[in-house]
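Colleague: First, the structure itself, so that you have it in front of you.
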Amino acid sequence: MNIMKNHKKYYSKLVFILFAVLLSCENSDEFLTWVNPNSITPESFWQSEADVDKWLNSTYSSLMWGTGGFGGNFTRFFAWASVYRSDEYKASFGNAWGQANAEFTMDADNPVVSSLWQSFYTTIFRANNAIDKIPGIETIEEQKRSELLGEALFLRGISYFYLINLWESIPLILEVPVSEEDFYPSQASRDEVWQQVISDLSSAKAKMLNVKSWDDANIGRATWGAVTGHLGKAYLYQGQWQMAANEFKEVIDSDLYDLVENYRDNCNDLNENNIESLFEAQCNDEVDNMFSTWRARDGGPDKYAANHGVVEPWLVKTFLEEPTLDGDVDPRAHATLIFPHPDNILYGGLTYEEAYGTLEPDAPAYWKKYRNVETQDNDASGFLSGINIRLMRFADVLLMYAEAENEANGPTESAKAAFNRVRARANVAPVDESISKDDFKTAIRRERVLELSGEDNRWMDLKRWGILTERFADTTVLSGKLFDISRHEYYPIPGTEIETNPNLVQYADY
Amino acid sequence: MLSIGYVDQDGTIVGSSYERFNIRANSDFKVNKFKFGESISINRTESEATNATSLRSWPEPVFEPKDDEGNYYTTPDGYGVDPAQFLEDGNRLAYIEIPDRDNSNVNIIGNVYGKYEFFPGFYAQTSGSVQWTYGRNKIFTPEYTVGHLTNPVADFTQSKSESYTYLWENTLNFSRVFGNHSINAVAGWTRQLNQYMFSRLDAEGFPDGMYQASVAETILPSSTSTLTEDALESFLGRINYSYDNKYQLTASVRKDASSRLIEELREDVFPSFSAAWVVSEESFFPKNSIINRLKIRGGYGELGRLNAVSAYQVQNTLQFGGYNTDYILGTSQELVNGVSQTGFTNQNILWERARSTNLALESNLFDSKVSFIAEYFIKNTKDLQFGAPIPLTVGTNASSILVNAGDIQNKGVELTLGYHKTSGVFKFNIVGNLYSLSNEVLEFRNPDDAFIGGQYGYGGQNATRAEVGRELSNFWLLRTDGIFASWDEVNAHSKAGELIQPNAQPGDLRFKDINDDGRIDNDDKEYIDGSIPDFEYGLNFNGTYRNFDFGIVFQGVVGQKIFNGAVRSLDGILEEPCTDYWREDNLDAKYFRPSQSDPNANRGDNDFYLEDAGYLRLRNVQIGYTLPESLLSAININSIRLSLTAQNLFTLTKFSGYDPEVVSFGLNRGVNTNVYPLPRTILFGLSVDF
């Protein structure tokens with residue numbers, strides 16, 4: 001019994017000592033510290049101009065943001081949000097969410113919505129990083145630093161511009177999130193967002209005063225002209241006519257831009273980044289498919305691309321209303337459309353009649369703009385196209401100037417001159433010298449159709465002019481019969497955002 | 001000792017064959033108080049590495065992939081299918097068959113140990129092991145064109161991975177018996193280091209018939225290499241004490257530290273203890289032939305887990321180049337590299353702690369012919385590591401951030417009942433078991449958090465949702481109420497004169513407006529149980545009769561539902577949706593009307609896809625015959641056994657998918673996306689012992 005007791009004491013001590021020793025053992029920090037050799041950290045980056053260039057490359061890239069199988073923002077979905085939803089095109093997608101987007105039956109989970117949202121907010125996150133870090137990099141001389149900062153501000157500014165046009169109410173994020181608390185912003189007022197757009201673009205314009213062009217290796221990056229044009233557009237969309245006119249005038253008077261002789265150079269890949277171009281999303285299908293656009297294939301002509309519908313007959317009719325000074329069809333019709341006309345050429349020199357065996361006037365019309373008709377036999381066999389997306393070109397600036405100037409000061413000489421410059425290239429008659437303000441306004445709206453249809457402007461034009469409902473109610477318009485302004489003027493916040501961010505409020509009835 | 005094995009099998013899907021060879025040897029030596037030994041095992045596999053499970057979903061079953069001469073069809077052949085759709089998908093058989101794929105793996109595990117005995121019952125042991133795994137994956141795709149599917153330039157990708165796991169374990173072991181007391185104690189210190197090296201070579205443009213990168217026109221910039229290392233260090237102690245085979249006590253504690261967590265949070269302590277009482281050994285317990293043995297045991301234990309935390313996860317990193325990061329610039333439109341931050345880390349991540357408590361009763365009855373075990377358990381997961389979804393506005397493209405999201409509880413019972421006949425010519429065991437589990441979210445760090453999960457289809461489609469007080473994988477779905485048979489029915493489904501489903505047509509699903517607000521949205525979704533079955537059961541019957549032996553294993557699940565997300569994407573492939581769909585002449589169809597644009601969202605988060613998926617499966621049947629020894633003694637062979645095994649002979653279920661045994665966990669439990677169909681296997685075996 002005694003032995004037992006001793007043992008007990010002995011063992012309980014042993015247990016105590018054993019656990020005490022174990023728990024006081026120190027782990028080896030040396031053995032347990034492993035630094036990631038595969039990647040640079042945000043803390044060690046941001047040393048040189050080359051670093052900033054690389055970061056800005058990714059900031060441009062995120063404007064194309066998309067998933068591998070489906071394409072991305074300006075390479076695909078922005079067209080779905082604009083061309084496909086507007087009165088230019090009657091869509092007929094095989095793809096459920098594409099069709100739901102086009103015919104206004106979509107819900108908040110539609111991938112078009114989240115893809116665009118993600119692209120712009122990714123760009124904003126990347127721009128915010130650059131805006132935060134660039135000023136502290138002292139190895140870059142001050143002037144250059146300021147210009148690089150300007151580029152970042154531009155990218156943030158246009159991202160918010162597109163967001164505030166597509167969505168009614170959005171979060172305004174101007175700083176890099178540090179901790180999780182920063183992940184759940186609430187929505188800002190539309191005024192706050194617009195102010196930020198103007199502030200970013202004005203600030204970028206001042207910083208990029210000397211960035212009028214880029215060397216051969218860097219062509220495609222934002223310039224003073226791109227910034228100023230977008231600043232004007234931001235004023236125009238808010239109805240600040242004089243401010244808008246001033247910006248466009250600066251672009252026009254800078255003599256940096258001109259109209260290319262051949263209108264078709266604005267919509268194929270034979271003459272990209274030309275003198276008419278203020279800003280383009282760069283695409284090259286030969287480098288890697290992530291830089292190619294689906295826009296040649298989507299909604300292209302029947303049998304020669306994935307056909308997703310037809311160009312609306314009213315639009316074809318508008319092109320044919322007014323002949324050129326030589327009595328021909330407006331050359332922009334043949335550059336923009338594939339339509340039943342003896343002179344209309346598709347891929348590989350094929351005429352419309354050869355392709356479809358008819359020239360009946362009501363035979364379907366398709367987009368030719370952004371299709372590789374000069375260089376390929378069709379746009380069906382390859383998914384992808386290398387045609388740069390023209391986000392702003394000089395003809396648009398001239399027409400926006402005419403519009404802003406007319407609204408602010410009536411049909412002045414300079415407004416008419418800008419307008420006539422666009423018409424002269426198409427060899428159509430100049431505007432009547434004595435045109436009234438209202439008629440000029442109507443003429444500009446019509447000219448925007450002839451000059452810019454199929455180029456992502458129409459939806460936002462109709463919205464800012466307040467005529468979405470009117471157009472879709474028009475009996476000559478085939479599309480948009482389910483359009484309801486209270487629900488469809490803006491996109492819903494993506495459903496997953498509402499789920500993940502309790503501070504967001506959903507739009508309208510979604 | 002030496003053992004050798006070889007397996008060669010064809011897969012059930014084109015391009016998924018498999019070949020394996022393995023060998024194993026070990027030995028021990030003893031010199032005075034030293035003992036040491038080693039073991040080595042080598043394992044080599046070769047396989048075709050087609051990712052066939054994903055490709056399988058694409059082809060429509062009405063397409064013939066090849067014509068009579070074996071050429072690939074490039075257009076759908078007279079089946080009235082939209083050629084554009086076919087062009088988009090291409091001939092998937094060509095996609096699988098044309099590339100030359102080859103996968104090879106070698107796995108070697110070596111172990112050495114040494115042991116020194118200070119005095120009987122007290123010794124020190126050190127043991128070191130290395131596991132080396134080498135994998136090579138090669139895909140060569142020649143230049144080809146099959147209709148829309150083309151590969152204009154021959155390309156070659158070879159990836160190699162090498163991983164080392166070094167484990168060093170040192171223990172002091174003490175065991176002693178004093179009269180009725182028996183004690184056993186271990187103290188230990190272990191270190192584990194994992195190294196993973198990966199490299200990939202991408203090249204394109206090859207002379208005919210060759211594919212090594214040395215003759216390639218271009219080595220692509222996507223070629224890469226990475227090194228990943230992480231380490232775990234542990235101190236551990238364990239004491240067992242038992243008295244007279246009646247009482248047993250065990251207490252242990254371990255302190256683990258991982259390099260995957262930041263320095264301040266990397267170590268944590270995990271205790272456990274258990275006790276058992278063999279009641280039948282007590283002197284007051286009457287000796288009888290009904291209850292031969294009765295034991296009560298119980299315990300509590302904690303374990304640390306880092307399953308969701310990978311090496312370097314707490315370090316923010318930048319991505320160099322790649323998709324959505326590179327851009328095109330310049331007059332010649334060259335690719336320029338971009339850099340960005342594509343993820344967000346949470347530095348404050350802690351060990352996830354599994355806490356289990358159990359209480360069990362074990363008994364042998366009726367001369368030990370019957371065995372019985374009943375166990376009740378609670379398994380709580382505290383500080384569950386979980387990728388909490390974050391908004392896209394964060395902008396890093398990461399859809400989630402790893403957090404310690406909350407506490408989850410699993411509790412349940414398991415009953416096992418066996419009958420054992422151990423004497424006579426016919427000996428057998430029948431063992432049945434019953435297992436029931438319930439799951440509940442006890443706490444989220446933000447009480448209002450709700451996580452959607454169970455993704456299927458394209459993005460934004462989810463079938464489950466987790467919130468406090470519910471199952472982690474509770475289905476969260478719209479309720480359907482049949483199919484609209486007519487416009488009258490569509491129009492009748494209205495509220496205050498407004499249509500509840502304005503986009504519906506006859507043939508579409510009718511959804512219940514649960515919150516009665518006149519429209520169908522997420523607020524009409526209801527929680528539906530069933531992702532976790534009511535119970536699971538199994539039956540194992542095995543025995544011997546003379547020289548024959550046999551085994552039968554049944555397994556089943558009761559009260560399980562599966563959201564058949566795969567039908568959502570496969571409904572052009574399965575037969576029923578292609579035949580029994582709603583149309584004027586088939587008004588009581590099972591499936592709604594086919595529509596590609598699907599304006600009514602029939603193919604969405606609704607209970608149409610929720611199926612009863614209880615099942616009973618005959619998992620395994622085996623019959624063996626051992627040749628009589630009298631036949632063998634002459635030829636110096638100890639034994640020869642022939643066997644026939646059938647796996648997965650049948651499954652009784654109402655579930656319409658490939659397999660009701662859906663392998664998914666956490667929030668995705670009960671959601672079937674695409675699974676590799678379970679093969680039925682018949683094996684013939686011959687084993688010879690010299």
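Identifiers for the structure tokens are assigned positionally: chains receive A, B, ... in sequence, residues are indexed from 1 per chain, and ligands are indexed from 1 in the order shown.
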As a ChimeraX atom specification, could you give me every residue of chain A near chain B (at most 6 Å apart, counting only C-alpha atoms)?
Modeller: /A:22,32-33,36,38-41,54-55,57-58,61-62,65,96,99,109,118,121-122,125,183,216-220,282,381,497,500
Colleague: Could you turn the residues from that selection into a file that holds N, CA and C atoms, as an mmCIF file, in the first residue's frame?
Modeller:
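File result27.cif, as written:
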data_model
loop_
_atom_site.group_PDB
_atom_site.id
_atom_site.type_symbol
_atom_site.label_atom_id
_atom_site.label_comp_id
_atom_site.auth_asym_id
_atom_site.auth_seq_id
_atom_site.Cartn_x
_atom_site.Cartn_y
_atom_site.Cartn_z
ATOM 1 N N LEU A 22 6.642 20.320 -21.888
ATOM 2 C CA LEU A 22 6.160 20.364 -23.269
ATOM 3 C C LEU A 22 5.636 21.736 -23.654
ATOM 4 N N LEU A 32 10.170 27.882 -38.856
ATOM 5 C CA LEU A 32 8.777 28.130 -39.212
ATOM 6 C C LEU A 32 8.549 29.388 -40.046
ATOM 7 N N THR A 33 9.630 30.030 -40.484
ATOM 8 C CA THR A 33 9.449 31.240 -41.285
ATOM 9 C C THR A 33 9.898 30.979 -42.717
ATOM 10 N N ASN A 36 7.651 33.682 -49.313
ATOM 11 C CA ASN A 36 7.207 33.253 -50.634
ATOM 12 C C ASN A 36 8.220 33.657 -51.705
ATOM 13 N N ASN A 38 7.927 33.041 -54.845
ATOM 14 C CA ASN A 38 7.296 33.039 -56.162
ATOM 15 C C ASN A 38 6.695 34.369 -56.550
ATOM 16 N N SER A 39 6.689 35.288 -55.633
ATOM 17 C CA SER A 39 6.001 36.522 -55.952
ATOM 18 C C SER A 39 6.571 37.693 -55.169
ATOM 19 N N ILE A 40 6.504 38.848 -55.794
ATOM 20 C CA ILE A 40 6.879 40.074 -55.105
ATOM 21 C C ILE A 40 5.678 40.533 -54.292
ATOM 22 N N THR A 41 5.928 41.159 -53.171
ATOM 23 C CA THR A 41 4.821 41.626 -52.344
ATOM 24 C C THR A 41 4.518 43.090 -52.675
ATOM 25 N N LYS A 54 4.205 48.715 -65.577
ATOM 26 C CA LYS A 54 3.610 47.376 -65.513
ATOM 27 C C LYS A 54 2.268 47.416 -64.781
ATOM 28 N N TRP A 55 2.231 48.190 -63.714
ATOM 29 C CA TRP A 55 0.974 48.278 -62.974
ATOM 30 C C TRP A 55 -0.107 48.919 -63.845
ATOM 31 N N ASN A 57 -0.236 48.895 -67.070
ATOM 32 C CA ASN A 57 -0.644 47.918 -68.093
ATOM 33 C C ASN A 57 -1.802 47.067 -67.586
ATOM 34 N N SER A 58 -1.681 46.628 -66.342
ATOM 35 C CA SER A 58 -2.750 45.775 -65.816
ATOM 36 C C SER A 58 -4.017 46.594 -65.575
ATOM 37 N N SER A 61 -5.595 46.708 -68.799
ATOM 38 C CA SER A 61 -6.050 45.351 -69.094
ATOM 39 C C SER A 61 -7.377 45.036 -68.409
ATOM 40 N N SER A 62 -7.555 45.568 -67.208
ATOM 41 C CA SER A 62 -8.777 45.212 -66.478
ATOM 42 C C SER A 62 -10.023 45.842 -67.111
ATOM 43 N N TRP A 65 -11.505 43.178 -68.773
ATOM 44 C CA TRP A 65 -11.666 42.076 -67.831
ATOM 45 C C TRP A 65 -12.777 41.100 -68.220
ATOM 46 N N ALA A 96 -28.874 32.065 -73.166
ATOM 47 C CA ALA A 96 -30.006 32.521 -72.353
ATOM 48 C C ALA A 96 -29.768 33.887 -71.723
ATOM 49 N N GLN A 99 -29.612 36.758 -74.282
ATOM 50 C CA GLN A 99 -30.922 37.144 -74.781
ATOM 51 C C GLN A 99 -31.719 37.876 -73.707
ATOM 52 N N ASP A 109 -28.806 38.374 -61.445
ATOM 53 C CA ASP A 109 -27.724 37.392 -61.498
ATOM 54 C C ASP A 109 -27.146 37.228 -62.894
ATOM 55 N N GLN A 118 -17.534 44.027 -62.406
ATOM 56 C CA GLN A 118 -16.233 43.567 -61.933
ATOM 57 C C GLN A 118 -15.098 44.221 -62.712
ATOM 58 N N TYR A 121 -14.745 47.896 -61.460
ATOM 59 C CA TYR A 121 -14.231 48.009 -60.093
ATOM 60 C C TYR A 121 -12.821 47.443 -59.952
ATOM 61 N N THR A 122 -12.478 46.487 -60.798
ATOM 62 C CA THR A 122 -11.095 46.013 -60.795
ATOM 63 C C THR A 122 -10.170 47.125 -61.291
ATOM 64 N N PHE A 125 -9.788 49.583 -58.491
ATOM 65 C CA PHE A 125 -8.852 49.108 -57.452
ATOM 66 C C PHE A 125 -7.409 49.308 -57.912
ATOM 67 N N PHE A 183 -14.199 46.534 -47.009
ATOM 68 C CA PHE A 183 -14.719 45.785 -48.159
ATOM 69 C C PHE A 183 -16.194 46.060 -48.451
ATOM 70 N N ASP A 216 6.281 54.838 -80.451
ATOM 71 C CA ASP A 216 5.756 53.656 -81.125
ATOM 72 C C ASP A 216 5.483 52.499 -80.176
ATOM 73 N N ALA A 217 6.327 52.359 -79.169
ATOM 74 C CA ALA A 217 6.202 51.205 -78.279
ATOM 75 C C ALA A 217 5.011 51.349 -77.331
ATOM 76 N N ASN A 218 4.576 52.595 -77.103
ATOM 77 C CA ASN A 218 3.555 52.834 -76.086
ATOM 78 C C ASN A 218 2.216 53.294 -76.626
ATOM 79 N N ILE A 219 2.112 53.350 -77.951
ATOM 80 C CA ILE A 219 0.846 53.812 -78.526
ATOM 81 C C ILE A 219 -0.296 52.956 -78.007
ATOM 82 N N GLY A 220 -1.379 53.620 -77.634
ATOM 83 C CA GLY A 220 -2.505 52.894 -77.036
ATOM 84 C C GLY A 220 -2.764 53.377 -75.620
ATOM 85 N N GLN A 282 -7.050 48.062 -76.898
ATOM 86 C CA GLN A 282 -6.144 47.400 -77.838
ATOM 87 C C GLN A 282 -6.399 45.899 -77.891
ATOM 88 N N SER A 381 -15.235 30.801 -87.906
ATOM 89 C CA SER A 381 -14.329 29.706 -87.581
ATOM 90 C C SER A 381 -13.376 30.082 -86.460
ATOM 91 N N GLU A 497 -23.370 40.838 -55.225
ATOM 92 C CA GLU A 497 -22.925 41.995 -54.460
ATOM 93 C C GLU A 497 -23.901 42.303 -53.335
ATOM 94 N N THR A 500 -23.273 39.780 -50.667
ATOM 95 C CA THR A 500 -22.023 39.855 -49.918
ATOM 96 C C THR A 500 -21.819 41.190 -49.221
#
Colleague: Extract, using only C-alpha atoms, all DNA, RNA and protein residues at most 6 Å from Tyr164 (chain B), discarding same-chain residues fewer than 4 positions from it, and format them as a list in words.
Modeller: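 Everything that qualifies: Gln131, Trp132, Asn194 and Gln195 of chain B.
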Colleague: Could you dump the residues just selected with all heavy atoms as an mmCIF file, in the first residue's frame?
Modeller:
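Okay, this is what ended up in again-v1.cif:
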data_model
loop_
_atom_site.group_PDB
_atom_site.id
_atom_site.type_symbol
_atom_site.label_atom_id
_atom_site.label_comp_id
_atom_site.auth_asym_id
_atom_site.auth_seq_id
_atom_site.Cartn_x
_atom_site.Cartn_y
_atom_site.Cartn_z
ATOM 1 N N GLN B 131 9.171 11.434 -47.998
ATOM 2 C CA GLN B 131 8.287 10.997 -49.071
ATOM 3 C C GLN B 131 8.588 11.863 -50.277
ATOM 4 O O GLN B 131 8.526 13.087 -50.214
ATOM 5 C CB GLN B 131 6.822 11.151 -48.660
ATOM 6 C CG GLN B 131 5.901 10.861 -49.826
ATOM 7 C CD GLN B 131 4.458 10.703 -49.403
ATOM 8 O OE1 GLN B 131 4.117 10.857 -48.238
ATOM 9 N NE2 GLN B 131 3.610 10.399 -50.363
ATOM 10 N N TRP B 132 8.910 11.226 -51.373
ATOM 11 C CA TRP B 132 9.243 11.949 -52.590
ATOM 12 C C TRP B 132 8.216 11.597 -53.646
ATOM 13 O O TRP B 132 7.968 10.438 -53.934
ATOM 14 C CB TRP B 132 10.638 11.542 -53.053
ATOM 15 C CG TRP B 132 11.090 12.207 -54.316
ATOM 16 C CD1 TRP B 132 11.457 13.509 -54.458
ATOM 17 C CD2 TRP B 132 11.264 11.610 -55.611
ATOM 18 N NE1 TRP B 132 11.841 13.755 -55.748
ATOM 19 C CE2 TRP B 132 11.723 12.609 -56.485
ATOM 20 C CE3 TRP B 132 11.059 10.318 -56.104
ATOM 21 C CZ2 TRP B 132 11.996 12.360 -57.834
ATOM 22 C CZ3 TRP B 132 11.322 10.070 -57.447
ATOM 23 C CH2 TRP B 132 11.792 11.087 -58.295
ATOM 24 N N ASN B 194 7.518 20.493 -45.774
ATOM 25 C CA ASN B 194 7.014 20.134 -47.105
ATOM 26 C C ASN B 194 7.611 21.067 -48.142
ATOM 27 O O ASN B 194 7.618 22.284 -47.953
ATOM 28 C CB ASN B 194 5.495 20.281 -47.174
ATOM 29 C CG ASN B 194 4.800 19.495 -46.100
ATOM 30 O OD1 ASN B 194 5.041 18.311 -45.943
ATOM 31 N ND2 ASN B 194 3.964 20.172 -45.332
ATOM 32 N N GLN B 195 8.099 20.478 -49.204
ATOM 33 C CA GLN B 195 8.623 21.290 -50.307
ATOM 34 C C GLN B 195 7.934 20.843 -51.576
ATOM 35 O O GLN B 195 7.844 19.642 -51.847
ATOM 36 C CB GLN B 195 10.118 21.059 -50.496
ATOM 37 C CG GLN B 195 10.974 21.748 -49.477
ATOM 38 C CD GLN B 195 12.437 21.534 -49.769
ATOM 39 O OE1 GLN B 195 12.824 20.472 -50.249
ATOM 40 N NE2 GLN B 195 13.243 22.537 -49.485
#
Colleague: Rank B:Val153, B:Glu46, B:Thr645, B:Leu2 by their smallest atom-to-atom distance to Phe550 (chain B), using only C-alpha atoms, and report the top residue only.
Modeller: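 Nearest to Phe550 (chain B): B:Thr645.
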Colleague: Residues of region 301-430 of chain B classed as strand (DSSP E or B) by DSSP on the backbone are to be reported as number ranges by chain.
Modeller: B: 301-305, 319-320, 327-329, 334-336, 339-340, 352-365, 370-382, 385-389, 400-404, 406-421, 426-430
Colleague: Measure the distance from CA of Asp362 (chain A) to CA of Ala333 (chain A) in Å and round it to one decimal.
Modeller: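 Between these atoms lies a distance of 15.5 Å.
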